[in-house]
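*Asks:* File name entry34.txt; file contents compact mmCIF, C-alpha atoms; full text below.
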# COMPACT_ATOMS: atom_id res chain seq x y z
CA MET A 30 47.76 101.59 76.95
CA GLY A 31 50.02 102.50 79.88
CA TYR A 32 50.50 105.46 82.18
CA LYS A 33 52.24 108.78 81.89
CA VAL A 34 54.37 108.89 85.04
CA VAL A 35 56.35 111.66 86.71
CA VAL A 36 59.13 111.03 89.25
CA ALA A 37 59.90 114.25 91.12
CA GLY A 38 63.15 114.36 93.08
CA ALA A 39 64.76 111.91 90.68
CA THR A 40 68.35 112.75 91.64
CA GLY A 41 67.89 111.84 95.34
CA ASN A 42 68.29 108.42 96.96
CA VAL A 43 64.55 107.73 97.04
CA GLY A 44 63.83 109.19 93.60
CA ARG A 45 66.49 107.03 91.97
CA GLU A 46 65.11 103.99 93.79
CA MET A 47 61.60 104.81 92.57
CA LEU A 48 62.85 104.73 88.98
CA ASN A 49 64.72 101.46 89.61
CA ILE A 50 61.64 99.80 91.09
CA LEU A 51 59.27 101.05 88.37
CA ALA A 52 61.60 99.40 85.86
CA GLU A 53 62.14 96.22 87.91
CA ARG A 54 58.42 95.66 88.41
CA GLU A 55 57.68 96.49 84.77
CA PHE A 56 55.16 99.14 85.70
CA PRO A 57 53.04 99.87 82.59
CA VAL A 58 54.65 103.15 81.54
CA ASP A 59 53.84 104.85 78.24
CA GLU A 60 55.84 107.95 79.07
CA ILE A 61 58.05 108.81 82.03
CA VAL A 62 59.78 112.01 83.03
CA ALA A 63 62.35 112.69 85.74
CA LEU A 64 62.05 116.03 87.54
CA ALA A 65 64.49 117.79 89.84
CA SER A 66 65.42 121.31 90.89
CA ARG A 67 66.81 123.71 88.33
CA ARG A 68 70.40 123.10 89.41
CA SER A 69 70.01 119.41 88.46
CA GLN A 70 68.41 120.09 85.08
CA GLY A 71 70.03 117.90 82.43
CA THR A 72 71.41 115.38 84.93
CA GLU A 73 71.20 111.88 83.48
CA ILE A 74 69.27 109.24 85.45
CA SER A 75 68.87 105.54 84.68
CA PHE A 76 65.46 104.00 84.08
CA GLY A 77 65.91 100.34 83.20
CA ASP A 78 67.96 100.26 80.02
CA ARG A 79 67.07 103.85 79.22
CA THR A 80 68.63 107.13 80.30
CA LEU A 81 66.46 110.08 81.26
CA LYS A 82 67.54 113.70 81.46
CA CYS A 83 66.12 115.58 84.42
CA GLN A 84 63.78 118.44 83.71
CA ASP A 85 63.20 121.51 85.87
CA ILE A 86 60.17 120.92 88.11
CA GLU A 87 59.50 124.65 88.25
CA GLN A 88 58.86 124.79 84.50
CA PHE A 89 57.04 121.47 84.17
CA ASP A 90 53.38 121.24 83.09
CA PHE A 91 51.62 118.33 84.85
CA THR A 92 48.59 118.52 82.56
CA GLY A 93 47.93 115.19 80.84
CA TRP A 94 50.13 113.15 83.19
CA ASP A 95 48.43 110.35 85.15
CA MET A 96 50.47 110.14 88.34
CA ALA A 97 53.49 111.74 89.98
CA LEU A 98 55.72 110.07 92.56
CA PHE A 99 57.11 112.83 94.77
CA ALA A 100 60.38 112.51 96.72
CA ILE A 101 61.22 116.18 97.14
CA GLY A 102 60.64 116.97 100.83
CA SER A 103 57.78 118.80 102.50
CA ASP A 104 58.66 122.36 101.51
CA ALA A 105 58.83 121.65 97.78
CA THR A 106 55.84 119.32 97.98
CA LYS A 107 53.78 122.09 99.54
CA LYS A 108 54.46 124.18 96.45
CA TYR A 109 54.23 121.63 93.64
CA ALA A 110 51.79 118.93 94.81
CA PRO A 111 48.72 121.20 94.61
CA ILE A 112 49.81 122.32 91.14
CA ALA A 113 50.08 118.72 89.95
CA ALA A 114 46.83 117.69 91.63
CA LYS A 115 44.92 120.62 90.14
CA ALA A 116 46.22 119.64 86.69
CA GLY A 117 44.63 116.19 87.13
CA CYS A 118 47.83 114.31 87.98
CA VAL A 119 47.51 112.10 91.08
CA VAL A 120 50.36 112.78 93.51
CA ILE A 121 51.87 109.94 95.54
CA ASP A 122 53.85 111.86 98.13
CA ASN A 123 56.75 110.49 100.15
CA SER A 124 57.08 113.52 102.46
CA SER A 125 55.29 113.95 105.78
CA LEU A 126 53.24 116.93 104.54
CA TYR A 127 49.92 115.20 103.87
CA ARG A 128 50.14 112.09 106.06
CA TYR A 129 47.92 113.48 108.80
CA ASP A 130 45.42 115.24 106.53
CA PRO A 131 42.03 113.51 106.99
CA ASP A 132 41.26 114.11 103.30
CA VAL A 133 44.43 112.35 102.12
CA PRO A 134 44.67 108.54 102.33
CA LEU A 135 47.78 107.17 104.05
CA VAL A 136 48.46 103.84 102.37
CA VAL A 137 50.51 100.69 102.80
CA PRO A 138 49.10 98.42 100.07
CA GLU A 139 49.51 95.16 102.00
CA VAL A 140 47.54 96.70 104.86
CA ASN A 141 44.87 99.12 103.58
CA ALA A 142 44.88 99.11 99.78
CA GLU A 143 41.21 100.08 99.71
CA ALA A 144 42.08 103.46 101.23
CA VAL A 145 43.51 104.47 97.83
CA ASP A 146 39.91 105.08 96.71
CA GLY A 147 39.92 108.26 98.80
CA TYR A 148 42.48 109.92 96.52
CA THR A 149 39.70 111.81 94.73
CA ARG A 150 39.23 114.27 97.58
CA LYS A 151 42.53 116.03 96.89
CA ASN A 152 44.15 113.97 94.10
CA ILE A 153 46.92 113.15 96.61
CA ILE A 154 47.94 109.92 98.36
CA ALA A 155 50.48 109.89 101.19
CA ASN A 156 53.30 107.42 101.74
CA PRO A 157 53.92 106.68 105.45
CA ASN A 158 57.11 107.17 107.41
CA CYS A 159 59.71 104.48 106.69
CA SER A 160 59.72 103.07 110.21
CA THR A 161 55.92 102.88 110.28
CA ALA A 162 55.62 101.21 106.87
CA GLN A 163 57.55 98.07 107.76
CA MET A 164 55.97 97.78 111.20
CA VAL A 165 52.35 97.91 110.04
CA VAL A 166 53.02 95.22 107.40
CA ALA A 167 53.90 92.92 110.29
CA LEU A 168 51.19 94.11 112.67
CA LYS A 169 48.12 93.99 110.41
CA PRO A 170 47.77 90.22 109.91
CA LEU A 171 48.31 89.67 113.64
CA HIS A 172 45.75 92.38 114.47
CA ASP A 173 43.19 90.70 112.23
CA ARG A 174 43.59 87.50 114.22
CA ALA A 175 43.89 88.64 117.86
CA ARG A 176 43.28 92.43 117.99
CA ILE A 177 46.27 94.46 119.13
CA LYS A 178 45.86 96.55 122.29
CA ARG A 179 49.34 98.03 122.67
CA VAL A 180 52.65 98.18 120.83
CA VAL A 181 56.04 99.07 122.33
CA VAL A 182 58.63 99.57 119.60
CA SER A 183 62.30 100.53 119.64
CA THR A 184 63.82 101.30 116.25
CA TYR A 185 67.38 100.99 114.98
CA GLN A 186 67.30 103.26 111.93
CA SER A 187 69.98 103.55 109.27
CA VAL A 188 71.54 106.83 108.20
CA SER A 189 70.15 106.61 104.66
CA GLY A 190 66.87 107.76 106.18
CA SER A 191 68.53 111.18 106.56
CA GLY A 192 69.77 111.35 102.96
CA LYS A 193 73.07 111.29 101.11
CA ASP A 194 74.82 113.78 103.42
CA ALA A 195 74.21 111.45 106.36
CA ILE A 196 75.64 108.48 104.47
CA ASP A 197 78.73 110.56 103.71
CA GLU A 198 79.00 111.66 107.34
CA LEU A 199 78.99 108.07 108.61
CA TRP A 200 81.55 107.04 105.99
CA ASN A 201 83.88 109.96 106.64
CA GLN A 202 83.63 109.77 110.43
CA THR A 203 84.38 106.05 110.32
CA LYS A 204 87.52 106.65 108.26
CA GLY A 205 88.44 109.57 110.50
CA VAL A 206 88.49 107.36 113.59
CA TYR A 207 91.38 105.40 112.10
CA VAL A 208 93.28 108.19 110.35
CA PRO A 209 94.77 110.85 112.68
CA GLY A 210 94.05 114.33 111.41
CA GLN A 211 91.01 113.25 109.37
CA GLU A 212 88.47 113.32 112.19
CA VAL A 213 85.06 114.62 111.08
CA ALA A 214 82.88 116.68 113.42
CA PRO A 215 79.12 116.01 113.48
CA SER A 216 77.17 118.06 110.94
CA VAL A 217 74.04 116.16 109.91
CA TYR A 218 73.60 114.70 113.38
CA PRO A 219 73.99 116.38 116.78
CA LYS A 220 76.56 113.81 117.90
CA GLN A 221 79.04 111.46 116.25
CA ILE A 222 77.23 108.64 114.44
CA ALA A 223 80.24 106.44 113.67
CA PHE A 224 80.59 103.70 116.33
CA ASN A 225 77.70 105.28 118.21
CA VAL A 226 73.91 105.27 118.52
CA ILE A 227 71.80 108.42 118.81
CA PRO A 228 68.37 108.25 120.53
CA HIS A 229 67.11 111.26 118.61
CA ILE A 230 65.40 111.33 115.19
CA ASP A 231 63.66 114.53 114.02
CA VAL A 232 62.82 117.36 116.44
CA PHE A 233 61.85 117.10 120.09
CA MET A 234 58.25 117.72 121.09
CA GLU A 235 56.80 119.15 124.30
CA ASP A 236 56.13 115.75 125.89
CA GLY A 237 59.75 114.65 125.43
CA SER A 238 59.11 112.40 122.45
CA THR A 239 60.62 113.13 119.06
CA LYS A 240 58.65 113.84 115.90
CA GLU A 241 59.73 110.47 114.49
CA GLU A 242 58.25 108.69 117.50
CA TRP A 243 55.06 110.72 117.22
CA LYS A 244 54.79 109.80 113.52
CA MET A 245 54.88 106.09 114.34
CA VAL A 246 52.07 106.50 116.85
CA VAL A 247 49.76 108.60 114.69
CA GLU A 248 50.39 106.76 111.43
CA THR A 249 49.84 103.30 112.91
CA LYS A 250 46.49 104.47 114.24
CA LYS A 251 45.48 105.96 110.88
CA ILE A 252 46.58 102.96 108.82
CA ILE A 253 45.44 100.05 111.03
CA ASP A 254 43.18 101.02 113.94
CA PRO A 255 42.82 104.22 116.03
CA LYS A 256 42.30 102.10 119.15
CA ILE A 257 45.84 100.69 119.14
CA LYS A 258 48.12 102.25 121.75
CA VAL A 259 51.66 102.79 120.51
CA THR A 260 54.79 103.99 122.28
CA ALA A 261 58.07 104.32 120.38
CA THR A 262 61.73 105.07 120.94
CA CYS A 263 63.51 105.87 117.68
CA VAL A 264 67.28 105.51 117.47
CA ARG A 265 69.77 106.29 114.68
CA VAL A 266 72.47 103.64 114.30
CA PRO A 267 75.70 103.46 112.24
CA VAL A 268 74.18 101.35 109.45
CA PHE A 269 74.05 102.64 105.87
CA VAL A 270 70.76 101.07 104.69
CA GLY A 271 68.10 99.02 106.46
CA HIS A 272 65.90 99.82 109.44
CA SER A 273 65.43 97.34 112.29
CA GLU A 274 62.75 97.30 114.97
CA SER A 275 62.24 95.44 118.23
CA ILE A 276 58.46 95.17 118.63
CA ASN A 277 56.53 94.09 121.72
CA ILE A 278 52.83 93.49 121.09
CA GLU A 279 50.00 93.05 123.59
CA PHE A 280 46.82 91.49 122.20
CA GLU A 281 43.23 91.33 123.40
CA ASP A 282 43.19 87.58 122.73
CA PHE A 283 45.88 84.95 123.25
CA LEU A 284 48.04 84.28 120.19
CA ASP A 285 50.49 81.41 120.29
CA GLU A 286 53.92 82.11 118.82
CA GLU A 287 53.61 79.17 116.43
CA GLU A 288 50.32 80.45 115.07
CA ALA A 289 51.79 83.94 114.80
CA ARG A 290 54.70 82.51 112.83
CA ASP A 291 52.29 80.72 110.47
CA ILE A 292 50.18 83.86 110.01
CA LEU A 293 53.23 85.96 109.17
CA ARG A 294 54.54 83.35 106.73
CA GLU A 295 51.32 83.76 104.74
CA ALA A 296 51.14 87.56 105.05
CA PRO A 297 51.71 89.66 101.91
CA GLY A 298 55.07 91.42 101.82
CA VAL A 299 56.45 89.47 104.80
CA MET A 300 59.29 86.94 104.89
CA VAL A 301 59.85 84.96 108.11
CA ILE A 302 63.47 84.04 108.90
CA ASP A 303 63.28 82.60 112.39
CA LYS A 304 65.54 79.75 113.45
CA ARG A 305 66.66 79.56 117.05
CA GLU A 306 70.31 79.19 116.23
CA ALA A 307 73.29 81.42 115.51
CA GLY A 308 72.52 83.39 112.36
CA GLY A 309 68.93 82.19 112.16
CA TYR A 310 67.55 85.75 111.95
CA MET A 311 67.66 88.71 109.59
CA THR A 312 69.95 91.75 109.88
CA PRO A 313 69.84 95.03 107.95
CA VAL A 314 72.92 94.27 105.86
CA GLU A 315 71.14 91.23 104.42
CA CYS A 316 67.87 92.98 103.55
CA VAL A 317 69.36 95.66 101.27
CA GLY A 318 67.84 95.56 97.80
CA ASP A 319 64.97 93.26 98.80
CA TYR A 320 61.25 94.01 98.66
CA ALA A 321 60.24 92.00 101.73
CA THR A 322 59.78 93.01 105.34
CA TYR A 323 61.65 90.35 107.31
CA ILE A 324 60.44 89.03 110.65
CA SER A 325 62.64 87.09 113.11
CA ARG A 326 62.86 86.29 116.85
CA ILE A 327 59.11 85.58 117.23
CA ARG A 328 58.51 84.55 120.83
CA GLN A 329 55.98 84.73 123.63
CA ASP A 330 56.22 87.54 126.19
CA SER A 331 55.73 85.80 129.53
CA THR A 332 55.38 89.07 131.46
CA ILE A 333 51.86 89.77 130.16
CA ASP A 334 48.84 87.58 129.41
CA ASN A 335 48.70 87.99 125.63
CA GLY A 336 52.09 89.19 124.46
CA LEU A 337 54.56 88.55 121.67
CA ASN A 338 58.00 89.89 120.80
CA LEU A 339 59.43 90.06 117.31
CA TRP A 340 62.30 91.55 115.30
CA CYS A 341 61.47 93.40 112.08
CA VAL A 342 63.98 94.38 109.36
CA SER A 343 63.47 96.08 105.99
CA ASP A 344 65.29 98.13 103.37
CA ASN A 345 64.07 101.63 104.28
CA LEU A 346 64.81 103.06 100.83
CA ARG A 347 62.61 100.37 99.32
CA LYS A 348 59.67 99.31 101.50
CA GLY A 349 60.03 102.40 103.65
CA ALA A 350 59.83 104.75 100.69
CA ALA A 351 60.24 103.95 97.01
CA LEU A 352 58.71 100.47 96.86
CA ASN A 353 55.66 101.49 98.86
CA ALA A 354 55.12 104.46 96.52
CA VAL A 355 55.31 102.22 93.44
CA GLN A 356 52.96 99.70 95.07
CA ILE A 357 50.51 102.55 95.69
CA ALA A 358 50.82 103.47 92.00
CA GLU A 359 50.05 99.86 91.07
CA VAL A 360 46.96 99.78 93.30
CA LEU A 361 45.85 103.18 92.01
CA GLY A 362 46.10 101.91 88.45
CA ASN A 363 44.39 98.58 89.09
CA ARG A 364 41.58 99.87 91.31
CA CYS A 365 40.91 103.35 90.01
CA LEU A 366 42.57 104.56 86.82
CA LYS A 367 42.51 101.18 85.02
CA LYS A 368 44.65 102.01 82.03
CA GLY A 369 47.56 99.58 82.28
Write out the structure in this file as structure tokens.
*Replies:*
Amino acid sequence: MGYKVVVAGATGNVGREMLNILAEREFPVDEIVALASRRSQGTEISFGDRTLKCQDIEQFDFTGWDMALFAIGSDATKKYAPIAAKAGCVVIDNSSLYRYDPDVPLVVPEVNAEAVDGYTRKNIIANPNCSTAQMVVALKPLHDRARIKRVVVSTYQSVSGSGKDAIDELWNQTKGVYVPGQEVAPSVYPKQIAFNVIPHIDVFMEDGSTKEEWKMVVETKKIIDPKIKVTATCVRVPVFVGHSESINIEFEDFLDEEEARDILREAPGVMVIDKREAGGYMTPVECVGDYATYISRIRQDSTIDNGLNLWCVSDNLRKGAALNAVQIAEVLGNRCLKKG
């Protein structure tokens, strides 16, 4: 006996990826339905070797469905998640709406799978921000060994994190640079993204940080340990898919780089690619379509007593969003619902 699963936002980048990953991982599905807005009703979406026709989320009855993977943004989630939850369908939400709610678990299965048990308070589980998800997968096994005091992270985030329009903007601006008369003015972003980097993701806050940077701070504390100090600078780069992060970690105890490398090699969800030679590291182009969070450039930081530097790369549409949601669904089934 399998699960009755809803994927809401099935026509978007993340929704499509959720369906792909559910099929790839052979999630025990008895029934599955793809939901979207009314204007996308009837749109055909692939699910393994099957084709699903999108239904209108506004008219959908969640009663009798086991779990719903939401990729519809905060505004729509605010409307439909409580409806689904009240009907007894557990919502796994990819938006930022519930991440900071103390009654909603924020889960990265490799890090805090046991937190899923708290879903009963609201029948909702939150998926973290894409940049946080890959970072905490790398941090947690190191924290367990040497206790992390402080993290300084700079991100290099791909445009797919902003959706399809951002992908199109990068593509069209890039072409426009080479074709006179086809220049494309910024629309999704405040400045040109092609051949440029933009140190601005989400809105600015009063202290000068952006909302994206704030998310990384708060979510890391909620997922791993509230005592960890985190400071972040989040940057959008002209890459289609794949987020990269330069992470500097200060520990309470000394951790040798070789031991750190061994710990990460054994860590769930992590792949270490770290040779000190040309090409002996991972880049975002190479991680696309993979499940793993890749770690490279592991080295001691000689400027502090107990410091390490590392480079972290992951497919943001997968581990940063869709894969993590499906992994939460797997944990929810195995630990709590126990039908599959």
*Asks:* Between atom CA of A:Met30 and atom CA of A:Ala100, measure the distance and give it in Å to one decimal.
*Replies:*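 A separation of 25.9 Å between them.
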*Asks:* Would you list the residues near (55.6, 102.6, 106.8) (no more than 9 Å away, in the coordinates of the file, using all atoms listed in the file) as an MDAnalysis selection string?
*Replies:* chainID A and resid 136:137 156:166 245 248:249 345 348:350 353
*Asks:* Check the smallest atom-to-atom distance from each of A:Asp95, A:Glu46, A:Glu87, A:Asp334 to A:Ile74 using only C-alpha atoms, then report the winner.
*Replies:* A:Glu46
*Asks:* Using all atoms listed in the file, give me every residue within 9 Å of (42.9, 90.1, 102.8) in file coordinates, as a PyMOL selection string.
*Replies:* chain A and resi 139-140+170+296-297
*Asks:* For a quick check of understanding, using all atoms listed in the file, which of A:Arg305, A:Lys367, A:Lys33, A:Arg265 has the smallest distance to A:Ile196?
*Replies:*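 Looking only at the distances to A:Ile196, the closest residue turns out to be A:Arg265.
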*Asks:* Would you kindly return, as a ChimeraX atom specification, each protein, DNA or RNA residue with an atom no farther than 12 Å from any atom of A:Pro215, considering only C-alpha atoms and excluding same-chain residues fewer than 2 positions away?
*Replies:* /A:194-195,197-203,205,212-213,217-223,225,227
*Asks:* Reconstruct N, CA and C atoms of stretch 73-106 of chain A from the incomplete input and present them as a tab-separated table (two decimals), in the frame of the given file.
*Replies:*
chain	number	residue	atom	x	y	z
A	73	GLU	N	71.67	113.14	84.04
A	73	GLU	CA	71.20	111.88	83.48
A	73	GLU	C	70.92	110.86	84.58
A	74	ILE	N	69.75	110.20	84.46
A	74	ILE	CA	69.27	109.24	85.45
A	74	ILE	C	68.88	107.96	84.72
A	75	SER	N	69.21	106.82	85.30
A	75	SER	CA	68.87	105.54	84.68
A	75	SER	C	67.42	105.15	84.97
A	76	PHE	N	66.78	104.61	83.94
A	76	PHE	CA	65.46	104.00	84.08
A	76	PHE	C	65.48	102.72	83.25
A	77	GLY	N	65.73	101.59	83.92
A	77	GLY	CA	65.91	100.34	83.20
A	77	GLY	C	67.10	100.46	82.27
A	78	ASP	N	66.88	100.14	80.99
A	78	ASP	CA	67.96	100.26	80.02
A	78	ASP	C	67.95	101.59	79.29
A	79	ARG	N	67.15	102.51	79.80
A	79	ARG	CA	67.07	103.85	79.22
A	79	ARG	C	67.78	104.87	80.12
A	80	THR	N	68.07	106.02	79.54
A	80	THR	CA	68.63	107.13	80.30
A	80	THR	C	67.72	108.33	80.15
A	81	LEU	N	67.32	108.90	81.27
A	81	LEU	CA	66.46	110.08	81.26
A	81	LEU	C	67.27	111.31	81.64
A	82	LYS	N	66.93	112.43	81.06
A	82	LYS	CA	67.54	113.70	81.46
A	82	LYS	C	66.54	114.47	82.32
A	83	CYS	N	67.01	114.88	83.49
A	83	CYS	CA	66.12	115.58	84.42
A	83	CYS	C	65.64	116.91	83.85
A	84	GLN	N	64.37	117.16	84.07
A	84	GLN	CA	63.78	118.44	83.71
A	84	GLN	C	63.54	119.27	84.96
A	85	ASP	N	63.40	120.56	84.77
A	85	ASP	CA	63.20	121.51	85.87
A	85	ASP	C	61.75	121.44	86.34
A	86	ILE	N	61.53	121.06	87.60
A	86	ILE	CA	60.17	120.92	88.11
A	86	ILE	C	59.41	122.25	88.08
A	87	GLU	N	60.15	123.34	88.21
A	87	GLU	CA	59.50	124.65	88.25
A	87	GLU	C	58.84	125.00	86.92
A	88	GLN	N	59.38	124.47	85.83
A	88	GLN	CA	58.86	124.79	84.50
A	88	GLN	C	57.94	123.70	83.96
A	89	PHE	N	57.75	122.63	84.71
A	89	PHE	CA	57.04	121.47	84.17
A	89	PHE	C	55.53	121.65	84.23
A	90	ASP	N	54.84	121.21	83.17
A	90	ASP	CA	53.38	121.24	83.09
A	90	ASP	C	52.85	119.83	83.35
A	91	PHE	N	52.13	119.65	84.46
A	91	PHE	CA	51.62	118.33	84.85
A	91	PHE	C	50.35	117.94	84.10
A	92	THR	N	49.81	118.82	83.30
A	92	THR	CA	48.59	118.52	82.56
A	92	THR	C	48.79	117.32	81.64
A	93	GLY	N	47.87	116.36	81.71
A	93	GLY	CA	47.93	115.19	80.84
A	93	GLY	C	48.72	114.03	81.41
A	94	TRP	N	49.37	114.23	82.54
A	94	TRP	CA	50.13	113.15	83.19
A	94	TRP	C	49.23	112.46	84.21
A	95	ASP	N	49.34	111.14	84.31
A	95	ASP	CA	48.43	110.35	85.15
A	95	ASP	C	48.79	110.39	86.63
A	96	MET	N	50.07	110.19	86.94
A	96	MET	CA	50.47	110.14	88.34
A	96	MET	C	51.90	110.64	88.51
A	97	ALA	N	52.16	111.21	89.68
A	97	ALA	CA	53.49	111.74	89.98
A	97	ALA	C	53.94	111.20	91.31
A	98	LEU	N	55.11	110.56	91.32
A	98	LEU	CA	55.72	110.07	92.56
A	98	LEU	C	56.67	111.15	93.06
A	99	PHE	N	56.35	111.71	94.22
A	99	PHE	CA	57.11	112.83	94.77
A	99	PHE	C	58.09	112.36	95.83
A	100	ALA	N	59.36	112.76	95.70
A	100	ALA	CA	60.38	112.51	96.72
A	100	ALA	C	61.22	113.77	96.85
A	101	ILE	N	60.55	114.88	97.18
A	101	ILE	CA	61.22	116.18	97.14
A	101	ILE	C	61.16	116.94	98.47
A	102	GLY	N	60.70	116.29	99.53
A	102	GLY	CA	60.64	116.97	100.83
A	102	GLY	C	59.39	117.81	100.97
A	103	SER	N	59.06	118.14	102.21
A	103	SER	CA	57.78	118.80	102.50
A	103	SER	C	57.67	120.21	101.92
A	104	ASP	N	58.74	120.97	101.97
A	104	ASP	CA	58.66	122.36	101.51
A	104	ASP	C	58.35	122.43	100.02
A	105	ALA	N	59.08	121.65	99.23
A	105	ALA	CA	58.83	121.65	97.78
A	105	ALA	C	57.49	121.01	97.45
A	106	THR	N	57.13	119.98	98.21
A	106	THR	CA	55.84	119.32	97.98
A	106	THR	C	54.69	120.29	98.22
